[in-house]
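J.: Dropping the structure in here first, questions after.
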Amino acid sequence: MKIHLTFRENALMELTAVDPKDRAAILDDLARLVRHPEGPGLDIVRVQKAKHLLRLKVRSWRVFFTREQATIDVYAVRRRRGDDETYRNLNFDVSSLPLTTSRIQELDRVEGDPEDTRLLDPEPPRHDEHLPEPLDAARLTLWDIPDPYHPALTQCLTSDDLLTAPVPAEVIEAVLARLFPRSLNEIEQQARYTVTSVDMLASFLDGKLSDLLLHLDEEQAEVAARHLDRPTLIRGGPGTGKTVVALYRVLHLAEQEPGLHILYTTYTTTLAKYAQQLLTRLLEERGLDVRLDVRTVDSVLARYSPRGEQIDTADRAARDSLRETLRHFPNPLFERLGARYLLDEFHQIIDGWGLTRLDEYLTADRQGRQLPLTRSERISIWETYVHWRAGLERRRTVTWPQRRASALALVRPIYDAVIVDEAQDLSPVSLRCLLKLARRPQQFTLAADTNQSLYQRGLSWRAIDTALDMRGKTTVLRRTYRSTREIHAVLNDLARHEQLDMKDLPLEPQKSGPKPVRLTFENGTDYVRLTTFILEECRRLRIPLSGVAVLTPSTSAAEDAVTEFNALGTNAVYARGDDLELDYPAVKILTLHSAKGLEFPLVVLLDVNEGQIPRKLRDVPVEEHATYTSSDLKLLFVGCSRAMRQLVIAHDRDHPSSFLDIIDSQHWEHALI
């Protein structure tokens, strides 16, 4: 039986601090353990307080690992300097550890440690606590911390200095992991990385390999390597690994057929940047021959658009043209429908589906729209649409939906395979364009969570194109790896509401964490107290301040938050999606919409107040109120699902969102600040 070796992030960071000779000895023993899982000739014992946890002794080092079926999973690498040092902060919670299934299970040797009982409740850094070791250049070099970050880190004297240092989050976490070792419960929540060989691990530790692959479970691995003879859909809830599977799909195709021309595309620039950087490194390091394009859908379709067009990115020109059109062609129908609803009809139905003639609009299904329209009403709307579009042309401006629709007639097959991530947020026209780009439709893969669609209501794959009839071609991923049980409980409460009626909800996660928190403010957000609260959570969870995301319902609220945080000396940036740098050492301030597809250790949702989430309904017919309200509830669900370790929702005491009543009070901790 082939044995797989995986490492938690914690163990990888700790290995970098081991001197070269001892590291070589550790890697040698791990290689022997992979070859002979029963561990002959190795010094292996069970840990007394958690007998499913195994400890491999290598010189003065101890390697803690578990055996899960055919996988050896390494949790920590600690130096034995006395009873206290090796086990420092190891919280022995047996219930969270996997069962051991090999002859190692029959080990009689069980060792305890007199300090174990002191380690059941590890203490996080305290406010302004002096660091246990000075951060000098020699120590940082030993820990493989890049030189450019040394000046800022050597100035850090306390834990708060470290949490707020102007250094990327992953660097701070690496330092925290060495100064304040994590407990087993915390390590259990970390990502797993697959090591295909000990030589590969050695290359990574020596800086010759920049990335290891995220570990796939059996279901994900089968989907990524599946031989396809038709388009396929990978569905799953938040945190189930759809993006990881899609990335692995690229590597699998490149391994199976060298020289392929592959398009990996998604909705947001942020996700595209992440995928580009990761895939480029992985393909180069493995020497795979592939022509890879990683781009947003709109940047792909821009090739087919006339030059010189001005894109109406914020819909300002669209709204101005509509107001002008309605002044010239007043109609009681439009007063009843409202300008917002009418503009959505143009974007989502006419241009979103690529309707170019009145007869097409008259027979259109109008998926996702609840209000039925008579034939005469559709004729009036179409005539208004024609005049509205002419107004945009006079302004030499096009909307994004129009630009996508114009590309449809020009697109031709140029890719051997097309992989689409976050497909639920793409318009029908965009999906048709992408399908036409694939030379072989059987190599067209969609990864989507229709429950998280913020832009496409009532999406039907079959209605978009008969080739996308996904009956019998769909795989549903149900195991979630992003969040904790406690965050999952909040998401479940929201998802089960009758206005959402979500499907394919993930199974309960294995990892646990603190309860989500409801912060109540007396009169608007008190940023002094909010900053103090966030810092306390960062200390407790060992999260650098740069690992925090603050999500707001509007652009203006995001800009205000940036101003307030920076005025208090807390570095914060407004990330508009296209220019988001996840590694930038600052609190990330985003709108709820632009946080789509991202994840952060600590997420704070601001202004979850009635009238903001849900928004006040204006210019929308009564028949559609439930549809628009459900969209706002879905937006709240998406925001909450960005949280990996802790979720915080903040609101005014007198105006809490009615959506919060959906969540069981037992699933919250309440704080009035």
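Labels for the structure tokens follow display order: chains A, B, ..., residues from 1 in each chain, ligands from 1.
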Produce a table with one row for each residue of region 337-416 of chain A that has an atom at most 9 Å from any atom of region 259-263 of chain A, each row naming the nearest atom pair and its distance in Å at one decimal; use only C-alpha atoms; arrange rows by chain and rising residue number; format as a Markdown table.
T.:
```
| residue | atom | partner | partner_atom | distance |
| --- | --- | --- | --- | --- |
| A:Ile414 | CA | A:His261 | CA | 8.0 |
| A:Tyr415 | CA | A:His261 | CA | 5.3 |
| A:Asp416 | CA | A:His261 | CA | 5.3 |
```
J.: Pick out the residues sitting within 9 Å of His488 (chain A), and hand them over as a PyMOL selection string; count only C-alpha atoms, and ignore anything fewer than 2 positions along from it in its own chain.
T.: chain A and resi 483-486+490-493+506-509+641
J.: With the cut-off set at 10 Å and counting only C-alpha atoms, tabulate each residue of region 498-545 of chain A with an atom at most that distance from an atom of region 607-623 of chain A, showing the nearest atom pair and its distance in Å to one decimal, ordered by chain and increasing number, as CSV.
T.:
```
residue,atom,partner,partner_atom,distance
A:Phe521,CA,A:Asp607,CA,9.9
A:Gly524,CA,A:Asp607,CA,8.3
A:Thr525,CA,A:Asp607,CA,7.8
```
J.: One number please: CA of Asp449 (chain A) to CA of Gly513 (chain A), in Å, one decimal.
T.: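 Computing it gives 24.8 Å between the two atoms.
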J.: Taking the DSSP secondary structure from the backbone, can you list the residues of region 390-498 of chain A that are strand (DSSP E), as a list in words?
T.: Thr397, Val398, Ala417, Val418, Ile419, Val420, Phe444, Thr445, Leu446, Ala447, Ala448, Thr474, Thr475, Val476 and Leu477 of chain A
J.: Can you pull out every residue within 12 Å of Gly391 (chain A), counting only C-alpha atoms, but drop anything in the same chain fewer than 2 positions away, and send it as a list in words?
T.: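 Close residues of Gly391 (chain A): Ala317, Ala318, Arg319, Asp320, Ser321, Leu322, Arg323, Glu324, Thr325, Leu326, His328, Thr384, Tyr385, Val386, His387, Trp388, Arg389, Glu393, Arg394, Arg395, Arg396, Thr397, Val398 and Thr399 of chain A.
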J.: Which residues are close to Leu337 (chain A), i.e. within 12 Å by only C-alpha atoms, leaving aside same-chain residues fewer than 2 positions away? Reply as a list in words.
T.: Asn331, Pro332, Leu333, Phe334, Glu335, Ala339, Arg340, Tyr341, Leu342, Leu343, Asp344, Glu345, Leu371, Pro372, Leu373, Glu377, Ile381, Leu617, Arg618, Asp619, Val620, Pro621, Val622, Glu623, Glu624 and His625 of chain A
J.: Have a look at A:Gln220, A:Thr296, A:Thr243, A:Asn571 and name the one nearest to Lys273 (chain A); count only C-alpha atoms.
T.: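 Checking each candidate against Lys273 (chain A), we get A:Thr296 as the closest.
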J.: Suppose you want the space between CA of Asp160 (chain A) and CA of Cys538 (chain A); what is it in Å?
T.: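 One can read the CA of Asp160 (chain A) to CA of Cys538 (chain A) distance as 9.3 Å.
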J.: I want to know what sits within 12 Å of Glu9 (chain A), based on only C-alpha atoms, with residues of the same chain fewer than 3 positions away left out; could you give that as a PDB file with C-alpha atoms, in the first residue's frame?
T.:
```
ATOM      1  CA  THR A   6       1.389  15.312   4.499  1.00  0.00           C
ATOM      2  CA  LEU A  12       6.740  23.044   7.815  1.00  0.00           C
ATOM      3  CA  MET A  13       7.555  26.300   9.605  1.00  0.00           C
ATOM      4  CA  GLU A  14       9.121  24.468  12.540  1.00  0.00           C
ATOM      5  CA  LEU A  15      11.266  22.344  10.230  1.00  0.00           C
ATOM      6  CA  THR A  16      12.853  25.454   8.741  1.00  0.00           C
ATOM      7  CA  ASP A  73       0.231  13.495   8.818  1.00  0.00           C
ATOM      8  CA  VAL A  74       2.982  15.504  10.561  1.00  0.00           C
ATOM      9  CA  TYR A  75       1.744  18.076  13.071  1.00  0.00           C
ATOM     10  CA  ALA A  76       4.784  19.490  14.846  1.00  0.00           C
ATOM     11  CA  VAL A  77       8.567  19.287  15.132  1.00  0.00           C
ATOM     12  CA  GLU A 170       2.309  34.823   6.596  1.00  0.00           C
ATOM     13  CA  GLU A 173       2.388  33.936  11.534  1.00  0.00           C
ATOM     14  CA  ALA A 174       5.712  32.188  10.961  1.00  0.00           C
ATOM     15  CA  ALA A 177       4.450  30.007  15.499  1.00  0.00           C
ATOM     16  CA  ARG A 182       0.301  26.459  18.638  1.00  0.00           C
ATOM     17  CA  GLU A 186      -5.029  24.968  16.322  1.00  0.00           C
ATOM     18  CA  ILE A 187      -2.708  22.845  14.185  1.00  0.00           C
ATOM     19  CA  GLU A 188      -5.645  20.589  13.339  1.00  0.00           C
ATOM     20  CA  GLN A 189      -7.316  23.605  11.720  1.00  0.00           C
ATOM     21  CA  GLN A 190      -4.401  24.300   9.395  1.00  0.00           C
ATOM     22  CA  ALA A 191      -4.155  23.320   5.749  1.00  0.00           C
ATOM     23  CA  ARG A 192      -2.421  20.052   4.861  1.00  0.00           C
ATOM     24  CA  TYR A 193       0.256  19.909   2.192  1.00  0.00           C
ATOM     25  CA  THR A 194       1.083  16.798   0.210  1.00  0.00           C
ATOM     26  CA  ASP A 211       5.201  25.633  -3.088  1.00  0.00           C
ATOM     27  CA  LEU A 212       3.816  22.326  -1.962  1.00  0.00           C
ATOM     28  CA  LEU A 213       0.432  21.093  -3.107  1.00  0.00           C
ATOM     29  CA  LEU A 214      -2.594  21.379  -0.884  1.00  0.00           C
ATOM     30  CA  HIS A 215      -3.705  17.925   0.174  1.00  0.00           C
TER      31      HIS A 215
END
```
J.: Calculated over only C-alpha atoms, which of the candidates A:Asp465, A:Glu498, A:Asp421, A:Asp652 has the smallest distance to Cys433 (chain A)?
T.: A:Asp465
J.: Please identify all polymer residues within 8 Å of His130 (chain A), counting only C-alpha atoms, omitting same-chain residues fewer than 6 positions from it, and present them as a list in words.
T.: Leu157, Thr158 and Ser159 of chain A
J.: Excluding same-chain residues fewer than 4 positions from Val587 (chain A), what lies within 7 Å of it counting only C-alpha atoms, as a PyMOL selection string?
T.: chain A and resi 545-549+571-573
J.: Using only C-alpha atoms, which residue out of A:Gly569, A:Pro168, A:Pro413, A:Gly39 lies closest to Ile543 (chain A)?
T.: A:Pro168
